Every structure is written in C-alpha cells, then in structure tokens.
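Listing of coords-v6.txt; format and content: compact mmCIF, C-alpha atoms (C1' of nucleotides).
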# COMPACT_ATOMS: atom_id res chain seq x y z
CA MET A 1 110.38 136.87 132.24
CA ASN A 2 109.34 140.36 131.25
CA LEU A 3 105.60 140.10 130.58
CA VAL A 4 103.17 142.89 129.71
CA GLU A 5 99.43 142.71 129.11
CA ILE A 6 98.05 145.17 126.59
CA GLY A 7 94.35 144.86 125.92
CA ASN A 8 93.71 141.21 125.08
CA ASP A 9 97.30 140.59 124.05
CA ILE A 10 100.31 139.40 125.98
CA ILE A 11 103.76 140.64 125.15
CA ILE A 12 107.00 139.06 126.28
CA LYS A 13 109.93 141.45 126.17
CA ASP A 14 113.71 141.10 126.17
CA LEU A 15 113.68 137.59 124.72
CA THR A 16 116.99 135.89 124.15
CA ASP A 17 117.77 132.74 122.17
CA PHE A 18 114.34 132.79 120.58
CA ASN A 19 113.35 132.93 116.94
CA LEU A 20 109.72 132.19 116.10
CA ALA A 21 110.26 131.38 112.43
CA GLN A 22 113.13 129.00 113.15
CA THR A 23 111.19 127.32 115.93
CA LEU A 24 108.13 126.65 113.80
CA GLU A 25 109.89 125.92 110.52
CA CYS A 26 112.54 123.54 111.83
CA GLY A 27 110.34 120.55 111.16
CA GLN A 28 109.28 119.62 114.68
CA CYS A 29 105.63 120.64 114.30
CA PHE A 30 103.24 120.67 111.39
CA ARG A 31 100.11 122.62 112.25
CA PHE A 32 101.02 126.23 111.56
CA SER A 33 100.92 128.68 108.71
CA LYS A 34 102.68 131.92 108.03
CA LEU A 35 100.55 135.06 107.95
CA GLN A 36 103.46 137.39 107.20
CA ASP A 37 107.13 137.61 108.08
CA ASN A 38 107.56 136.55 111.71
CA LYS A 39 103.80 136.24 112.20
CA TYR A 40 102.08 132.87 112.36
CA ILE A 41 98.76 131.22 113.09
CA LEU A 42 98.99 127.86 114.75
CA THR A 43 96.89 125.26 116.48
CA ALA A 44 98.10 123.31 119.48
CA LYS A 45 96.74 122.07 122.77
CA ASN A 46 93.17 122.55 121.55
CA LYS A 47 93.75 126.26 120.98
CA LEU A 48 94.23 128.60 118.09
CA LEU A 49 97.05 131.10 118.48
CA ILE A 50 98.15 134.08 116.46
CA ILE A 51 101.68 135.01 117.39
CA GLU A 52 104.24 137.48 116.13
CA GLN A 53 107.86 138.22 116.90
CA ILE A 54 109.17 141.75 116.54
CA GLU A 55 112.87 141.84 117.34
CA ASP A 56 113.18 140.67 120.96
CA GLU A 57 109.44 140.87 121.66
CA LEU A 58 106.90 138.13 121.27
CA ILE A 59 103.23 139.02 120.94
CA PHE A 60 100.52 136.49 121.82
CA TYR A 61 97.39 137.99 120.27
CA ASP A 62 94.06 137.61 122.00
CA THR A 63 95.52 135.42 124.72
CA SER A 64 94.57 135.24 128.39
CA LEU A 65 97.17 135.30 131.13
CA ASN A 66 95.82 131.93 132.20
CA ASP A 67 96.40 130.38 128.77
CA PHE A 68 99.84 131.88 128.57
CA ASN A 69 100.89 130.56 131.96
CA HIS A 70 99.35 127.13 131.59
CA ILE A 71 99.83 126.43 127.89
CA TRP A 72 102.10 128.67 125.86
CA LYS A 73 104.93 129.28 128.30
CA ASP A 74 105.48 125.56 128.46
CA TYR A 75 104.74 124.96 124.76
CA PHE A 76 107.45 127.39 123.67
CA ASP A 77 109.84 126.20 126.38
CA LEU A 78 110.24 129.76 127.63
CA ASP A 79 111.54 128.81 131.08
CA THR A 80 114.52 126.91 129.72
CA ASP A 81 117.92 128.59 129.61
CA TYR A 82 119.11 127.93 126.05
CA LYS A 83 122.32 129.85 126.61
CA GLU A 84 123.42 127.19 129.04
CA ILE A 85 122.48 124.42 126.62
CA LYS A 86 124.40 126.01 123.76
CA ASP A 87 127.46 126.58 125.93
CA TYR A 88 127.39 122.94 127.02
CA LEU A 89 127.15 121.66 123.45
CA ILE A 90 129.88 123.95 122.13
CA VAL A 91 132.30 123.02 124.91
CA LYS A 92 131.71 119.33 124.19
CA ASP A 93 132.05 119.76 120.46
CA SER A 94 133.52 122.78 118.68
CA ILE A 95 131.79 121.82 115.41
CA MET A 96 128.49 122.69 117.08
CA GLU A 97 129.45 126.35 117.16
CA ASP A 98 128.67 126.85 113.46
CA VAL A 99 125.73 124.46 113.60
CA ILE A 100 124.07 126.36 116.44
CA LYS A 101 124.78 129.69 114.79
CA SER A 102 122.54 128.74 111.87
CA GLY A 103 119.48 128.12 114.04
CA SER A 104 120.33 129.83 117.28
CA GLY A 105 116.74 130.85 118.03
CA ILE A 106 115.24 127.37 117.90
CA ARG A 107 113.13 126.20 120.84
CA ILE A 108 111.89 122.67 121.31
CA LEU A 109 108.11 122.77 121.49
CA GLY A 110 106.15 120.85 124.10
CA GLN A 111 103.61 119.17 121.88
CA ASP A 112 100.72 116.93 122.78
CA PHE A 113 101.71 113.27 123.09
CA VAL A 114 98.96 111.81 120.89
CA GLU A 115 99.47 114.46 118.23
CA ALA A 116 103.22 113.80 118.16
CA LEU A 117 102.73 110.05 117.86
CA ILE A 118 100.16 110.25 115.06
CA SER A 119 102.05 112.99 113.23
CA PHE A 120 105.36 111.17 113.20
CA ILE A 121 103.81 107.89 112.11
CA ILE A 122 102.47 109.83 109.15
CA SER A 123 105.88 111.42 108.56
CA GLN A 124 107.63 108.25 107.46
CA ASN A 125 108.77 108.26 103.86
CA LYS A 126 107.02 111.56 103.18
CA GLN A 127 108.10 115.13 102.59
CA ILE A 128 107.18 117.80 105.12
CA PRO A 129 104.57 119.62 102.97
CA GLN A 130 102.80 116.31 102.38
CA ILE A 131 102.95 115.37 106.04
CA LYS A 132 101.21 118.66 106.79
CA GLN A 133 98.53 117.91 104.20
CA VAL A 134 97.64 114.51 105.63
CA ILE A 135 97.48 115.93 109.16
CA GLU A 136 95.24 118.78 107.99
CA HIS A 137 92.89 116.33 106.28
CA LEU A 138 92.68 114.39 109.52
CA CYS A 139 92.01 117.48 111.62
CA THR A 140 89.49 119.01 109.22
CA LYS A 141 87.51 115.78 109.06
CA TYR A 142 87.72 114.61 112.63
CA GLY A 143 88.89 117.51 114.80
CA ALA A 144 86.62 120.03 116.50
CA LEU A 145 86.09 123.46 114.98
CA LEU A 146 88.08 125.89 117.09
CA GLN A 147 87.60 129.23 115.43
CA GLN A 148 87.33 131.00 112.12
CA TYR A 149 90.00 133.45 111.04
CA ASN A 150 89.95 135.40 107.77
CA GLY A 151 87.21 133.11 106.52
CA ILE A 152 89.23 129.97 107.18
CA ASN A 153 88.10 127.34 109.66
CA TYR A 154 90.68 126.07 112.11
CA TYR A 155 90.28 122.68 113.77
CA SER A 156 91.81 120.98 116.77
CA PHE A 157 93.80 117.79 116.49
CA PRO A 158 91.32 114.92 116.97
CA THR A 159 91.21 113.36 120.42
CA ILE A 160 91.88 109.66 120.90
CA ASP A 161 88.13 109.16 121.43
CA GLN A 162 87.58 110.55 117.96
CA LEU A 163 90.54 108.71 116.43
CA LYS A 164 89.72 105.30 117.86
CA THR A 165 86.57 105.07 115.74
CA LEU A 166 88.47 105.49 112.46
CA THR A 167 89.10 102.58 110.10
CA GLU A 168 91.99 101.96 107.76
CA GLU A 169 89.79 103.29 104.94
CA ASP A 170 89.12 106.50 106.86
CA PHE A 171 92.84 107.13 107.23
CA LYS A 172 93.41 106.34 103.56
CA GLU A 173 90.82 108.96 102.65
CA CYS A 174 93.06 111.39 104.51
CA LYS A 175 95.84 110.29 102.11
CA ALA A 176 97.81 108.42 104.74
CA GLY A 177 98.54 105.66 102.23
CA PHE A 178 100.24 102.53 103.56
CA ARG A 179 100.54 104.18 106.97
CA ALA A 180 96.78 103.84 107.47
CA LYS A 181 97.06 100.43 109.11
CA TYR A 182 99.82 101.72 111.37
CA LEU A 183 97.59 104.56 112.51
CA VAL A 184 94.79 102.12 113.28
CA ASP A 185 97.16 100.07 115.41
CA ALA A 186 98.47 103.16 117.23
CA CYS A 187 94.94 104.32 118.03
CA ALA A 188 93.98 100.84 119.22
CA ASN A 189 96.95 100.82 121.60
CA LEU A 190 96.06 104.26 122.89
CA SER A 191 92.34 103.66 123.34
CA SER A 192 92.70 100.24 124.95
CA GLY A 193 95.03 101.75 127.53
CA SER A 194 97.85 99.42 126.57
CA ILE A 195 99.81 102.60 125.94
CA LYS A 196 99.02 105.47 128.31
CA GLU A 197 100.87 108.75 128.44
CA LYS A 198 100.68 108.86 132.24
CA GLU A 199 102.25 105.41 132.58
CA LEU A 200 104.94 106.19 130.03
CA LEU A 201 105.98 109.22 132.04
CA GLU A 202 106.94 106.92 134.91
CA LEU A 203 109.36 104.95 132.72
CA THR A 204 112.93 105.57 131.63
CA SER A 205 113.45 106.77 128.08
CA PRO A 206 114.79 103.41 126.82
CA GLU A 207 111.75 101.70 128.35
CA ILE A 208 109.38 104.15 126.64
CA LEU A 209 111.19 103.60 123.37
CA ASP A 210 110.70 99.84 123.61
CA LYS A 211 107.04 100.28 124.46
CA LEU A 212 106.36 102.66 121.57
CA CYS A 213 108.16 100.31 119.17
CA THR A 214 105.53 97.64 119.87
CA ILE A 215 103.12 99.72 117.77
CA LYS A 216 103.05 98.58 114.15
CA GLY A 217 104.81 101.09 111.95
CA VAL A 218 106.61 102.72 114.85
CA GLY A 219 110.35 102.19 114.88
CA VAL A 220 113.30 103.78 116.62
CA LYS A 221 113.16 107.06 114.72
CA VAL A 222 109.46 107.74 115.25
CA SER A 223 109.71 106.67 118.89
CA ASN A 224 112.54 109.08 119.48
CA CYS A 225 110.51 111.88 117.90
CA VAL A 226 107.66 111.11 120.26
CA LEU A 227 110.04 111.04 123.21
CA LEU A 228 111.52 114.40 122.30
CA TYR A 229 108.54 116.34 120.97
CA GLY A 230 105.67 114.68 122.81
CA LEU A 231 107.16 113.63 126.13
CA LYS A 232 109.82 116.29 126.76
CA ARG A 233 112.69 113.79 126.90
CA LYS A 234 115.42 116.16 125.83
CA GLU A 235 118.08 113.46 125.61
CA ALA A 236 116.21 111.73 122.76
CA PHE A 237 118.09 111.92 119.48
CA PRO A 238 115.97 110.96 116.46
CA ILE A 239 118.11 110.07 113.45
CA ASP A 240 116.47 110.57 110.07
CA VAL A 241 118.07 110.80 106.63
CA TRP A 242 119.02 114.44 107.19
CA ILE A 243 120.68 113.85 110.54
CA LYS A 244 122.46 110.81 109.16
CA ARG A 245 123.80 112.79 106.22
CA VAL A 246 124.89 115.80 108.23
CA MET A 247 126.62 113.69 110.90
CA GLU A 248 128.42 111.71 108.24
CA ASN A 249 129.58 114.96 106.65
CA LEU A 250 130.59 116.71 109.86
CA TYR A 251 132.00 113.89 111.96
CA PHE A 252 132.61 110.65 110.08
CA LYS A 253 133.39 111.59 106.45
CA GLU A 254 131.94 108.26 105.34
CA GLU A 255 128.80 106.10 105.39
CA THR A 256 128.06 105.22 109.00
CA LYS A 257 125.58 102.81 110.56
CA LEU A 258 122.69 104.16 112.60
CA GLU A 259 123.84 102.42 115.78
CA ILE A 260 127.24 104.11 115.56
CA LEU A 261 125.64 107.51 115.01
CA GLN A 262 123.24 106.93 117.89
CA SER A 263 125.95 106.03 120.40
CA TYR A 264 128.18 108.83 119.16
CA ALA A 265 125.37 111.33 119.81
CA LYS A 266 124.70 109.90 123.24
CA GLU A 267 128.33 110.18 124.25
CA LYS A 268 128.83 113.61 122.70
CA PHE A 269 125.59 115.40 123.56
CA GLY A 270 124.27 113.42 126.52
CA ASP A 271 121.17 114.87 128.16
CA TYR A 272 121.06 117.65 125.57
CA GLY A 273 120.90 115.32 122.56
CA GLY A 274 117.47 116.54 121.53
CA TYR A 275 118.62 120.13 121.28
CA ALA A 276 121.73 119.11 119.36
CA GLN A 277 119.59 117.10 116.97
CA GLN A 278 117.33 120.07 116.32
CA TYR A 279 120.24 122.40 115.60
CA LEU A 280 121.78 119.78 113.32
CA PHE A 281 118.52 119.24 111.47
CA TYR A 282 118.03 122.95 110.87
CA TYR A 283 121.66 123.34 109.79
CA SER A 284 121.45 120.47 107.34
CA ARG A 285 118.28 121.86 105.77
CA THR A 286 119.57 125.40 105.24
C1' DC B 1 107.62 108.86 82.46
C1' DT B 2 110.78 107.96 86.38
C1' DC B 3 112.42 108.96 90.81
C1' DC B 4 112.17 109.83 95.53
C1' DA B 5 110.46 111.37 100.16
C1' DG B 6 111.44 113.11 108.92
C1' DG B 7 110.93 104.87 107.90
C1' DT B 8 109.44 100.39 108.91
C1' DC B 9 108.08 95.76 107.79
C1' DG B 10 108.60 91.23 105.99
C1' DT B 11 111.46 88.35 103.41
C1' DT B 12 115.97 86.55 101.90
C1' DG B 13 120.86 85.35 102.10
C1' DC C 1 121.46 89.63 111.90
C1' DA C 2 122.50 92.45 107.58
C1' DA C 3 120.69 93.61 103.26
C1' DC C 4 116.87 94.74 100.23
C1' DG C 5 112.44 95.64 98.05
C1' DA C 6 107.65 97.05 99.02
C1' DC C 7 104.68 100.32 100.53
C1' DA C 8 100.59 104.96 98.95
C1' DT C 9 100.71 109.33 97.37
C1' DG C 10 102.14 113.43 95.12
C1' DG C 11 105.61 116.69 93.54
C1' DA C 12 110.08 117.49 91.01
Here is the file; what I need is its structure written in the form of structure tokens.
Amino acid sequence: MNLVEIGNDIIIKDLTDFNLAQTLECGQCFRFSKLQDNKYILTAKNKLLIIEQIEDELIFYDTSLNDFNHIWKDYFDLDTDYKEIKDYLIVKDSIMEDVIKSGSGIRILGQDFVEALISFIISQNKQIPQIKQVIEHLCTKYGALLQQYNGINYYSFPTIDQLKTLTEEDFKECKAGFRAKYLVDACANLSSGSIKEKELLELTSPEILDKLCTIKGVGVKVSNCVLLYGLKRKEAFPIDVWIKRVMENLYFKEETKLEILQSYAKEKFGDYGGYAQQYLFYYSRT
DNA sequence: CTCCAGGTCGTTG
DNA sequence: CAACGACATGGA
C-alpha cells in the first residue's frame, strides 16, 4: 500500500478496485453524508472521518497513522485483493461480468457488530433514507458527542451500556415504530451476555445465524447482514427484495423461493457470496 | 387518500 | 409447513 503523510492527513495512492461513493452508497452502511462529489463525512468505530477520493488517491483528513492502521485500513477492507474476488466470480458465472462492472469499486466495510445488528433490525420494511433517520435519532439522543463540523454536531453510535437502559417507548420516540420491541429484545440479549460478539466469533456461520435468529425481530435476512457487515463473514448472502428480484431476472426468469435462491448463491458464489451480493444489490439499484 | 418500503411474527388453512 | 395479514412511520 502506497501511503503518504502530509500534515495531519493521510493519503493512499495508486488505489485499484476502490470507489468511495459506491462503497458508501451501496446500502451497507447508514451513517455518512456527502459533502461534495467524492467527499464524505462519516462516523464509525467511535470516530468522525472526513474522506475524499480523487482519482486513484484516497485522502483521510486529520487522521493519525495509528487510527489509519488500526481502524480505517480494516474498515475499508484495504488489504483485500478485490481483483482476485472479481476474477473468481466472473469465472464461476459470466453474468457477473456486467454486474460487477456497474459497481466495480465497491468495498465491504468492516462495521461494528452492535451497530450492524441494531441498524439492520431497524431496516426491516423501511426505505434507506428512513432507516438513516431512525439511526440518527438514536445516535443524537443516546450517542456521545464526537466533534462539531461546520456547526453540526456528530455523535457516536450508542454503546450497549447506553442502549440497554432504553425502553420500548424510547425507541418509538426515535421513530422505530413496531421495531421498538425488537430493539429492546436485541439489547437485552447483548447486555445479559446471552449474545456476545467474542463468543459468536468462535462459531461457524450457520451457528451464528441460528443464534442471532433467537432475537425477536431478527430473521434470516437481518442475521445474514450482521454476519456480512458486522462479523466479516464474507460468505454470507443476505437476500432482500432487491436481491430476490435481480436474481429472478438474471438467473431464474420466474418467481423463485428464498431457499432456492439461497442455495443457488451458495453453490455459485461460495466463500465470496457476500461480495457477489453487494455487486448484485448495487446493480439492481442502478 | 392509498400504497408501499434492506422483513418478521403470529395466525390460519 | 406454506400462505397471508399486521405492524409504525413517512414519502410518493
């Protein structure tokens, strides 16, 4: 990796297979906003980051080398060879060539486990702009103030210690609607230790999926999102309405049951299912 | 006003 | 066990 420090900024040069806008706007994360073309402000891992891509350079503004090495390199999946992943997918399935072309700079972000779980419980039966709103309400009310930028306060995602005190009414005030009781149950599971990230990491993906599905309001789709975005299980293949539609159009040409789609993806994309899913999602939305 | 949205639950046949 | 409506909220 070609890294340069200039003042308080860190610049990564000669990037390949990376597009910041695609990565942030492909629906995997919710806590970011666009400052200008290819320049974003985002909060993750208890930090505020201003980041810009100019051609094949990525600029991390006001970022220490320590934060880059320990947080952002991993968050943006910069050590993964996406060329190899794309080649694998295209060899397995020629249809993927066009699909990947549409979002060829997507990276899968390494998000916080609790944030991914809470966010994707909120996501059910909601549109992305509204998901973002509910999450922002939650963070503004219960997160810690990180920093002010251009007169706007930016907050961290609440910790489980903060979340565990919230009632169903508190979540409803954040406009979570009928999901409020699900969020309470998720937080109870997390704070009681009945679900612990460290213990999940020891399990196989199917075992984690079963465990997550014991939370009220968490089904197969949300669990797979948590596996992929919050626990780095790159074989996870979450199937939502968009993925269902695009797979039916590209591969089946007719209505197809979830189980069929799921096993098809497993056979076709294997350990790289998560990447395939992300390319498919982006393709189907553009 | 009606319809529907990154799903899941509880209830029916 | 497959099918179906309910569920809060807000935007089209």
Using all atoms listed in the file, determine which residues lie at most 7 Å from segment 132-149 of chain A, disregarding the query and same-chain residues fewer than 2 positions distant; provide the list as a count of residues only. 20
Spatial neighbours of segment 5-11 of chain C, 12 Å, all atoms listed in the file, chain gap at least 6 places, as a PyMOL selection string: (chain A and resi 122+124-131+133-134+171-182+217) or (chain B and resi 3-5+7-12)
Enumerate, as an MDAnalysis selection string, the protein, DNA and RNA residues whose atoms approach (120.6, 122.5, 115.4) to within 8 Å, taking into account only C-alpha atoms (C1' of nucleotides) and the coordinate frame of the file. chainID A and resid 99:100 102:104 106 275:283
Limited to C-alpha atoms, could you put the picked residues into a file as a PDB file, in the coordinates of the input?
ATOM      1  CA  VAL A  99     125.730 124.460 113.600  1.00  0.00           C
ATOM      2  CA  ILE A 100     124.070 126.360 116.440  1.00  0.00           C
ATOM      3  CA  SER A 102     122.540 128.740 111.870  1.00  0.00           C
ATOM      4  CA  GLY A 103     119.480 128.120 114.040  1.00  0.00           C
ATOM      5  CA  SER A 104     120.330 129.830 117.280  1.00  0.00           C
ATOM      6  CA  ILE A 106     115.240 127.370 117.900  1.00  0.00           C
ATOM      7  CA  TYR A 275     118.620 120.130 121.280  1.00  0.00           C
ATOM      8  CA  ALA A 276     121.730 119.110 119.360  1.00  0.00           C
ATOM      9  CA  GLN A 277     119.590 117.100 116.970  1.00  0.00           C
ATOM     10  CA  GLN A 278     117.330 120.070 116.320  1.00  0.00           C
ATOM     11  CA  TYR A 279     120.240 122.400 115.600  1.00  0.00           C
ATOM     12  CA  LEU A 280     121.780 119.780 113.320  1.00  0.00           C
ATOM     13  CA  PHE A 281     118.520 119.240 111.470  1.00  0.00           C
ATOM     14  CA  TYR A 282     118.030 122.950 110.870  1.00  0.00           C
ATOM     15  CA  TYR A 283     121.660 123.340 109.790  1.00  0.00           C
TER      16      TYR A 283
END
Which one is closest to chain C: A:Arg107, A:Lys86, A:Arg245, A:Lys257? Count only C-alpha atoms (C1' of nucleotides). A:Lys257
Show me, as JSON, numbers by chain, every residue of chain A with an atom at most 9 Å from chain B, counting only C-alpha atoms (C1' of nucleotides). {"A": [27, 28, 120, 121, 123, 124, 125, 126, 127, 128, 216, 217, 218, 219, 221, 222, 239, 240, 241, 242]}
What are the centre and edge lengths in Å, to one decimal, of the axis-aligned box around all listed atoms of segment 5-11 of chain B with 6 Å added on each side, as lines of an AutoDock Vina configuration file?
center_x = 109.8
center_y = 100.7
center_z = 104.5
size_x = 15.4
size_y = 36.8
size_z = 20.8
Hey, what's within 10 Å of Ile51 of chain A if we count all atoms listed in the file and toss same-chain stuff fewer than 5 positions away? As an NGL selection string, please? :A and (9-11 or 20 or 34-35 or 38-42 or 58-63)
Set the distance at 10 Å and use only C-alpha atoms (C1' of nucleotides): which residues neighbour segment 77-82 of chain A once local chain neighbours fewer than 5 positions away are removed? I'd like the list as a short mmCIF file (atom, residue, chain, number, x, y, z; two decimals) with C-alpha atoms, keeping the file's coordinate frame.
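Dumped everything to result37.cif:
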data_model
loop_
_atom_site.label_atom_id
_atom_site.label_comp_id
_atom_site.auth_asym_id
_atom_site.auth_seq_id
_atom_site.Cartn_x
_atom_site.Cartn_y
_atom_site.Cartn_z
CA MET A 1 110.38 136.87 132.24
CA ILE A 12 107.00 139.06 126.28
CA LEU A 15 113.68 137.59 124.72
CA THR A 16 116.99 135.89 124.15
CA ASP A 17 117.77 132.74 122.17
CA PHE A 18 114.34 132.79 120.58
CA TRP A 72 102.10 128.67 125.86
CA ASP A 87 127.46 126.58 125.93
CA TYR A 88 127.39 122.94 127.02
CA SER A 104 120.33 129.83 117.28
CA GLY A 105 116.74 130.85 118.03
CA ILE A 106 115.24 127.37 117.90
CA ARG A 107 113.13 126.20 120.84
CA ILE A 108 111.89 122.67 121.31
CA LEU A 109 108.11 122.77 121.49
CA GLY A 110 106.15 120.85 124.10
CA LYS A 232 109.82 116.29 126.76
CA TYR A 275 118.62 120.13 121.28
#
Check the smallest atom-to-atom distance from each of A:Asp210, A:Glu248, A:Asp271, A:Asp112 to Cys29 of chain A using all atoms listed in the file, then report the winner.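 The closest residue to Cys29 of chain A is A:Asp112.
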So how many Å separate atom CA of Glu52 of chain A and atom CA of Asn69 of chain A, to one decimal?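 Atom CA of Glu52 of chain A sits 17.6 Å away from atom CA of Asn69 of chain A.
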Report, in Å with one decimal, the straight-line distance from atom CA of Asp161 of chain A to atom CA of Ile208 of chain A.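 Interatomic distance here is 22.4 Å.
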Between atom CA of Gly230 of chain A and atom CA of Ile85 of chain A, what is the distance, to one decimal in Å?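 So the two atoms, atom CA of Gly230 of chain A and atom CA of Ile85 of chain A, lie 19.8 Å apart.
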